[in-house]
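*Asks:* Here you go, this is run13.txt (compact mmCIF, C-alpha atoms).
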```txt
# COMPACT_ATOMS: atom_id res chain seq x y z
CA MET A 100 -197.11 -187.48 -3.17
CA THR A 101 -195.30 -185.76 -0.35
CA GLU A 102 -194.83 -181.99 -0.59
CA ASP A 103 -191.03 -182.19 -0.59
CA LEU A 104 -191.10 -184.60 -3.54
CA TYR A 105 -193.31 -182.34 -5.68
CA PRO A 106 -190.57 -179.82 -6.66
CA LYS A 107 -188.28 -182.67 -7.78
CA VAL A 108 -191.02 -184.26 -9.89
CA LEU A 109 -191.82 -180.87 -11.42
CA ALA A 110 -188.12 -180.19 -12.09
CA ASP A 111 -187.72 -183.64 -13.65
CA ALA A 112 -190.73 -183.02 -15.91
CA TYR A 113 -189.26 -179.72 -17.10
CA ALA A 114 -185.84 -181.32 -17.58
CA LEU A 115 -187.36 -184.10 -19.65
CA ALA A 116 -189.39 -181.69 -21.80
CA VAL A 117 -186.39 -179.39 -22.35
CA PHE A 118 -184.12 -182.32 -23.18
CA LYS A 119 -186.63 -183.76 -25.64
CA GLY A 120 -186.98 -180.37 -27.35
CA LEU A 121 -183.22 -179.96 -27.57
CA ARG A 122 -182.82 -183.50 -28.89
CA ARG A 123 -185.39 -182.82 -31.61
CA LEU A 124 -183.57 -179.63 -32.61
CA GLN A 125 -180.28 -181.52 -32.64
CA GLN A 126 -181.71 -184.21 -34.92
CA VAL A 127 -183.15 -181.80 -37.49
CA THR A 128 -179.99 -179.68 -37.34
CA GLU A 129 -177.81 -182.72 -38.05
CA VAL A 130 -179.96 -183.71 -41.03
CA HIS A 131 -179.73 -180.19 -42.45
CA ALA A 132 -175.97 -180.08 -41.80
CA LYS A 133 -175.54 -183.24 -43.86
CA ARG A 134 -177.57 -181.69 -46.70
CA LEU A 135 -175.46 -178.53 -46.57
CA ALA A 136 -172.23 -180.51 -46.75
CA ARG A 137 -173.53 -182.69 -49.59
CA TYR A 138 -174.90 -179.92 -51.79
CA GLY A 139 -172.88 -176.92 -50.75
CA GLU A 140 -169.46 -178.52 -50.30
CA LEU A 141 -169.19 -176.58 -47.04
CA THR A 142 -169.87 -177.61 -43.47
CA PRO A 143 -172.42 -175.49 -41.60
CA VAL A 144 -169.62 -173.92 -39.54
CA GLN A 145 -167.62 -173.08 -42.68
CA LEU A 146 -170.69 -171.56 -44.29
CA LEU A 147 -171.44 -169.59 -41.12
CA ILE A 148 -167.87 -168.25 -41.05
CA LEU A 149 -168.03 -167.16 -44.69
CA ARG A 150 -171.41 -165.47 -44.19
CA ILE A 151 -170.17 -163.62 -41.11
CA LEU A 152 -167.03 -162.46 -42.92
CA ALA A 153 -169.15 -161.31 -45.86
CA GLY A 154 -171.26 -159.25 -43.49
CA HIS A 155 -168.40 -157.73 -41.50
CA GLY A 156 -165.81 -157.31 -44.24
CA GLU A 157 -162.94 -158.35 -41.99
CA LEU A 158 -162.51 -159.70 -38.48
CA THR A 159 -159.70 -160.97 -36.32
CA ALA A 160 -159.71 -164.65 -35.40
CA SER A 161 -160.67 -163.83 -31.80
CA GLN A 162 -163.60 -161.68 -32.97
CA LEU A 163 -164.73 -164.44 -35.33
CA ALA A 164 -164.39 -167.09 -32.61
CA ARG A 165 -166.84 -165.13 -30.44
CA GLU A 166 -169.24 -164.66 -33.37
CA VAL A 167 -169.39 -168.39 -34.16
CA SER A 168 -169.07 -169.68 -30.57
CA LEU A 169 -165.86 -171.64 -31.14
CA THR A 170 -162.62 -171.75 -29.22
CA GLN A 171 -159.56 -170.29 -30.92
CA ALA A 172 -158.11 -173.81 -31.19
CA SER A 173 -161.21 -175.22 -32.91
CA LEU A 174 -161.49 -172.22 -35.20
CA SER A 175 -157.86 -172.43 -36.27
CA GLY A 176 -158.28 -175.74 -38.09
CA VAL A 177 -161.43 -174.55 -39.87
CA LEU A 178 -159.67 -171.36 -40.97
CA ASP A 179 -156.70 -173.35 -42.29
CA ARG A 180 -159.03 -175.48 -44.44
CA LEU A 181 -160.91 -172.43 -45.75
CA GLU A 182 -157.67 -170.61 -46.52
CA SER A 183 -156.20 -173.62 -48.33
CA ARG A 184 -159.23 -173.57 -50.64
CA GLY A 185 -158.86 -169.83 -51.25
CA LEU A 186 -162.18 -169.08 -49.57
CA LEU A 187 -160.62 -166.62 -47.13
CA MET A 188 -157.33 -164.85 -46.69
CA ARG A 189 -155.34 -163.76 -43.67
CA ARG A 190 -153.93 -160.24 -43.80
CA ARG A 191 -151.36 -159.00 -41.30
CA ASP A 192 -152.28 -155.74 -39.56
CA GLU A 193 -149.97 -152.94 -40.70
CA ARG A 194 -149.73 -151.34 -37.24
CA ASP A 195 -149.72 -154.44 -35.03
CA ARG A 196 -147.81 -157.21 -36.83
CA ARG A 197 -149.08 -159.81 -34.33
CA LYS A 198 -152.67 -159.28 -35.44
CA HIS A 199 -154.12 -160.96 -38.53
CA TRP A 200 -157.33 -159.92 -40.25
CA LEU A 201 -159.55 -162.51 -41.91
CA VAL A 202 -161.03 -161.42 -45.21
CA LEU A 203 -163.38 -163.23 -47.56
CA GLY A 204 -161.60 -164.25 -50.77
CA ALA A 205 -163.01 -164.19 -54.30
CA ALA A 206 -163.56 -167.95 -54.13
CA GLY A 207 -165.39 -167.42 -50.83
CA ARG A 208 -167.77 -164.91 -52.42
CA GLU A 209 -168.39 -167.34 -55.27
CA ALA A 210 -169.00 -170.20 -52.82
CA LEU A 211 -171.54 -168.06 -50.95
CA GLU A 212 -173.43 -167.31 -54.15
CA LYS A 213 -173.76 -171.03 -54.84
CA ALA A 214 -174.29 -172.15 -51.24
CA PRO A 215 -177.70 -173.10 -49.89
CA PRO A 216 -179.15 -170.99 -47.07
CA LEU A 217 -177.99 -171.70 -43.51
CA LEU A 218 -181.54 -172.68 -42.59
CA PRO A 219 -183.87 -174.85 -44.66
CA GLU A 220 -186.22 -172.87 -46.93
CA HIS A 221 -189.33 -174.17 -45.14
CA VAL A 222 -187.95 -172.86 -41.82
CA LEU A 223 -187.24 -169.45 -43.33
CA GLU A 224 -190.75 -169.33 -44.81
CA ARG A 225 -192.39 -170.38 -41.53
CA PHE A 226 -190.28 -167.91 -39.56
CA ALA A 227 -191.19 -165.08 -41.96
CA GLY A 228 -194.85 -166.02 -41.51
CA LEU A 229 -194.73 -165.41 -37.76
CA LEU A 230 -195.83 -162.13 -36.30
CA GLU A 231 -192.94 -159.79 -35.54
CA TRP A 232 -193.32 -160.22 -31.78
CA GLU A 233 -193.24 -164.01 -32.24
CA ARG A 234 -189.99 -163.80 -34.25
CA HIS A 235 -188.43 -161.65 -31.52
CA ALA A 236 -189.71 -163.93 -28.75
CA LEU A 237 -188.44 -167.07 -30.49
CA LEU A 238 -185.02 -165.58 -31.11
CA ALA A 239 -184.84 -164.30 -27.53
CA ALA A 240 -185.80 -167.73 -26.19
CA LEU A 241 -183.15 -169.48 -28.30
CA LEU A 242 -180.45 -167.06 -27.19
CA ARG A 243 -181.54 -167.34 -23.57
CA ALA A 244 -181.53 -171.14 -23.77
CA ALA A 245 -177.97 -171.02 -25.11
CA GLU A 246 -176.99 -168.81 -22.14
CA LEU A 247 -178.56 -171.28 -19.71
CA PHE A 248 -176.45 -174.08 -21.15
CA ASP A 249 -173.18 -172.12 -21.04
CA THR A 250 -170.75 -173.74 -18.63
CA PRO A 251 -170.24 -171.57 -15.56
CA GLU A 252 -166.79 -169.97 -15.57
CA GLU A 253 -165.66 -171.73 -12.40
CA GLU A 254 -166.30 -175.13 -14.07
CA GLU A 255 -164.31 -174.25 -17.23
CA GLU A 256 -160.95 -174.20 -15.46
```
In structure tokens, what does this structure look like?
*Replies:*
Amino acid sequence: MTEDLYPKVLADAYALAVFKGLRRLQQVTEVHAKRLARYGELTPVQLLILRILAGHGELTASQLAREVSLTQASLSGVLDRLESRGLLMRRRDERDRRKHWLVLGAAGREALEKAPPLLPEHVLERFAGLLEWERHALLAALLRAAELFDTPEEEEE
């Protein structure tokens, strides 16, 4: 193998390994998402939104969009569906009438009590069984991987 070909082969091997790992995560995530929807009557994104609102109390749509990594346009439809079911409410800001606050509704709190966990129980158990440094390292690696896959700003336009 020529020396100038070696970096490409190495890069291709890493790309293949990373892609296979991501594909595996995607597969197991899709299976769990289907279980959530079937048993919890909520999509994973809806459940995530309700859990985040429960933790924060209230957020604006733009704050929530950042928290759940959705565009405002994508989030809008999800919020409409949740609001129509009484799971959340929009409250107009008293000082700035253009701003709306999202607040978990009574039906949303009830849905969260009945909802399955965001992650499968066996994952939560295995994660809890890791040493603290391993939990931090795994979380850091997942967040860093997400950053690596973010589209550069110049390509978004």
*Asks:* Counting all atoms listed in the file, what is within 7 Å of Arg190 of chain A, bar same-chain residues fewer than 5 positions away, as a list of chain:residue names?
*Replies:* A:His199, A:Trp200, A:Leu201
*Asks:* Show me, as a ChimeraX atom specification, the residues that have an atom within 12 Å of Gln162 of chain A when counting all atoms listed in the file, minus same-chain residues fewer than 6 positions from it.
*Replies:* /A:148,151-152,155,168-171,174,198-201
*Asks:* A:Ala114, A:Leu186, A:Leu135, A:Val144: which is nearest Gly207 of chain A, counting only C-alpha atoms?
*Replies:*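 Once distances to Gly207 of chain A are computed over only C-alpha atoms, the minimum belongs to A:Leu186.
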*Asks:* Return as a Markdown table the residues of segment 151-238 of chain A lying at most 12 Å from segment 125-134 of chain A, together with the closest atom-to-atom pair for each and the distance in Å to one decimal, counting all atoms listed in the file, with rows in chain order and ascending residue number.
*Replies:*
```
| residue | atom | partner | partner_atom | distance |
| --- | --- | --- | --- | --- |
| A:Ala214 | CA | A:Arg134 | CA | 11.1 |
| A:Pro215 | CA | A:Arg134 | CA | 9.2 |
| A:Pro216 | CA | A:His131 | CA | 10.3 |
| A:Leu217 | CA | A:His131 | CA | 8.7 |
| A:Leu218 | CA | A:His131 | CA | 7.7 |
| A:Pro219 | CA | A:His131 | CA | 7.1 |
| A:Glu220 | CA | A:His131 | CA | 10.8 |
| A:His221 | CA | A:His131 | CA | 11.6 |
| A:Val222 | CA | A:His131 | CA | 11.0 |
```
*Asks:* Of the residues A:Leu158, A:Ala164, A:Leu141, A:Leu149, which is the one nearest to Arg189 of chain A, using all atoms listed in the file?
*Replies:* A:Leu158
*Asks:* Please indicate the distance in Å from atom CA of Met188 of chain A to atom CA of Val202 of chain A, rounded to one decimal place.
*Replies:*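 It comes out at 5.3 Å.
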*Asks:* Using all atoms listed in the file, can you tell me which of A:Leu121, A:Gly156, A:Gln145, A:Glu212 comes closest to Asp179 of chain A?
*Replies:*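 Closest to Asp179 of chain A of all the choices is A:Gln145.
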*Asks:* Looking at A:Lys213, A:Lys107, A:Arg165, A:Arg225, which one is nearest to Leu146 of chain A, with distances taken over all atoms listed in the file?
*Replies:*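 Closest residue, counting all atoms listed in the file: A:Lys213.
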*Asks:* Using the atoms already present, construct N, CA, C and O atoms for segment 109-129 of chain A and hand them back as a PDB file, keeping the file's coordinate frame.
*Replies:*
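Writing done, so here's rebuild-v9.pdb:
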```
ATOM      1  N   LEU A 109    -191.597-181.977 -10.502  1.00  0.00           N
ATOM      2  CA  LEU A 109    -191.820-180.870 -11.420  1.00  0.00           C
ATOM      3  C   LEU A 109    -190.526-180.531 -12.179  1.00  0.00           C
ATOM      4  O   LEU A 109    -190.542-180.355 -13.395  1.00  0.00           O
ATOM      5  N   ALA A 110    -189.405-180.472 -11.458  1.00  0.00           N
ATOM      6  CA  ALA A 110    -188.120-180.190 -12.090  1.00  0.00           C
ATOM      7  C   ALA A 110    -187.757-181.279 -13.092  1.00  0.00           C
ATOM      8  O   ALA A 110    -187.262-180.996 -14.189  1.00  0.00           O
ATOM      9  N   ASP A 111    -188.002-182.533 -12.737  1.00  0.00           N
ATOM     10  CA  ASP A 111    -187.720-183.640 -13.650  1.00  0.00           C
ATOM     11  C   ASP A 111    -188.583-183.559 -14.905  1.00  0.00           C
ATOM     12  O   ASP A 111    -188.122-183.853 -16.007  1.00  0.00           O
ATOM     13  N   ALA A 112    -189.842-183.149 -14.746  1.00  0.00           N
ATOM     14  CA  ALA A 112    -190.730-183.020 -15.910  1.00  0.00           C
ATOM     15  C   ALA A 112    -190.236-181.921 -16.844  1.00  0.00           C
ATOM     16  O   ALA A 112    -190.226-182.099 -18.063  1.00  0.00           O
ATOM     17  N   TYR A 113    -189.813-180.792 -16.271  1.00  0.00           N
ATOM     18  CA  TYR A 113    -189.260-179.720 -17.100  1.00  0.00           C
ATOM     19  C   TYR A 113    -187.967-180.176 -17.771  1.00  0.00           C
ATOM     20  O   TYR A 113    -187.745-179.920 -18.953  1.00  0.00           O
ATOM     21  N   ALA A 114    -187.108-180.846 -17.016  1.00  0.00           N
ATOM     22  CA  ALA A 114    -185.840-181.320 -17.580  1.00  0.00           C
ATOM     23  C   ALA A 114    -186.084-182.265 -18.745  1.00  0.00           C
ATOM     24  O   ALA A 114    -185.429-182.168 -19.784  1.00  0.00           O
ATOM     25  N   LEU A 115    -187.039-183.157 -18.586  1.00  0.00           N
ATOM     26  CA  LEU A 115    -187.360-184.100 -19.650  1.00  0.00           C
ATOM     27  C   LEU A 115    -187.900-183.376 -20.879  1.00  0.00           C
ATOM     28  O   LEU A 115    -187.469-183.640 -22.005  1.00  0.00           O
ATOM     29  N   ALA A 116    -188.808-182.437 -20.678  1.00  0.00           N
ATOM     30  CA  ALA A 116    -189.390-181.690 -21.800  1.00  0.00           C
ATOM     31  C   ALA A 116    -188.319-180.864 -22.510  1.00  0.00           C
ATOM     32  O   ALA A 116    -188.264-180.841 -23.745  1.00  0.00           O
ATOM     33  N   VAL A 117    -187.463-180.200 -21.746  1.00  0.00           N
ATOM     34  CA  VAL A 117    -186.390-179.390 -22.350  1.00  0.00           C
ATOM     35  C   VAL A 117    -185.440-180.299 -23.125  1.00  0.00           C
ATOM     36  O   VAL A 117    -185.066-180.007 -24.266  1.00  0.00           O
ATOM     37  N   PHE A 118    -185.056-181.412 -22.512  1.00  0.00           N
ATOM     38  CA  PHE A 118    -184.120-182.320 -23.180  1.00  0.00           C
ATOM     39  C   PHE A 118    -184.713-182.877 -24.468  1.00  0.00           C
ATOM     40  O   PHE A 118    -184.018-182.968 -25.483  1.00  0.00           O
ATOM     41  N   LYS A 119    -185.984-183.243 -24.437  1.00  0.00           N
ATOM     42  CA  LYS A 119    -186.630-183.760 -25.640  1.00  0.00           C
ATOM     43  C   LYS A 119    -186.669-182.693 -26.740  1.00  0.00           C
ATOM     44  O   LYS A 119    -186.423-182.993 -27.913  1.00  0.00           O
ATOM     45  N   GLY A 120    -186.971-181.453 -26.369  1.00  0.00           N
ATOM     46  CA  GLY A 120    -186.980-180.370 -27.350  1.00  0.00           C
ATOM     47  C   GLY A 120    -185.598-180.141 -27.938  1.00  0.00           C
ATOM     48  O   GLY A 120    -185.443-179.973 -29.152  1.00  0.00           O
ATOM     49  N   LEU A 121    -184.588-180.133 -27.087  1.00  0.00           N
ATOM     50  CA  LEU A 121    -183.220-179.960 -27.570  1.00  0.00           C
ATOM     51  C   LEU A 121    -182.790-181.121 -28.459  1.00  0.00           C
ATOM     52  O   LEU A 121    -182.111-180.923 -29.480  1.00  0.00           O
ATOM     53  N   ARG A 122    -183.170-182.322 -28.079  1.00  0.00           N
ATOM     54  CA  ARG A 122    -182.820-183.500 -28.890  1.00  0.00           C
ATOM     55  C   ARG A 122    -183.458-183.411 -30.272  1.00  0.00           C
ATOM     56  O   ARG A 122    -182.838-183.714 -31.278  1.00  0.00           O
ATOM     57  N   ARG A 123    -184.692-182.979 -30.324  1.00  0.00           N
ATOM     58  CA  ARG A 123    -185.390-182.820 -31.610  1.00  0.00           C
ATOM     59  C   ARG A 123    -184.684-181.780 -32.476  1.00  0.00           C
ATOM     60  O   ARG A 123    -184.459-181.981 -33.662  1.00  0.00           O
ATOM     61  N   LEU A 124    -184.313-180.650 -31.867  1.00  0.00           N
ATOM     62  CA  LEU A 124    -183.570-179.630 -32.610  1.00  0.00           C
ATOM     63  C   LEU A 124    -182.232-180.167 -33.094  1.00  0.00           C
ATOM     64  O   LEU A 124    -181.813-179.895 -34.218  1.00  0.00           O
ATOM     65  N   GLN A 125    -181.575-180.937 -32.255  1.00  0.00           N
ATOM     66  CA  GLN A 125    -180.280-181.520 -32.640  1.00  0.00           C
ATOM     67  C   GLN A 125    -180.448-182.451 -33.839  1.00  0.00           C
ATOM     68  O   GLN A 125    -179.656-182.403 -34.779  1.00  0.00           O
ATOM     69  N   GLN A 126    -181.478-183.274 -33.820  1.00  0.00           N
ATOM     70  CA  GLN A 126    -181.710-184.210 -34.920  1.00  0.00           C
ATOM     71  C   GLN A 126    -181.949-183.473 -36.244  1.00  0.00           C
ATOM     72  O   GLN A 126    -181.345-183.798 -37.253  1.00  0.00           O
ATOM     73  N   VAL A 127    -182.837-182.494 -36.241  1.00  0.00           N
ATOM     74  CA  VAL A 127    -183.150-181.800 -37.490  1.00  0.00           C
ATOM     75  C   VAL A 127    -181.961-180.959 -37.950  1.00  0.00           C
ATOM     76  O   VAL A 127    -181.741-180.791 -39.151  1.00  0.00           O
ATOM     77  N   THR A 128    -181.183-180.449 -36.997  1.00  0.00           N
ATOM     78  CA  THR A 128    -179.990-179.680 -37.340  1.00  0.00           C
ATOM     79  C   THR A 128    -178.951-180.582 -37.997  1.00  0.00           C
ATOM     80  O   THR A 128    -178.311-180.193 -38.978  1.00  0.00           O
ATOM     81  N   GLU A 129    -178.772-181.783 -37.473  1.00  0.00           N
ATOM     82  CA  GLU A 129    -177.810-182.720 -38.050  1.00  0.00           C
ATOM     83  C   GLU A 129    -178.208-183.126 -39.469  1.00  0.00           C
ATOM     84  O   GLU A 129    -177.361-183.214 -40.357  1.00  0.00           O
TER      85      GLU A 129
END
```
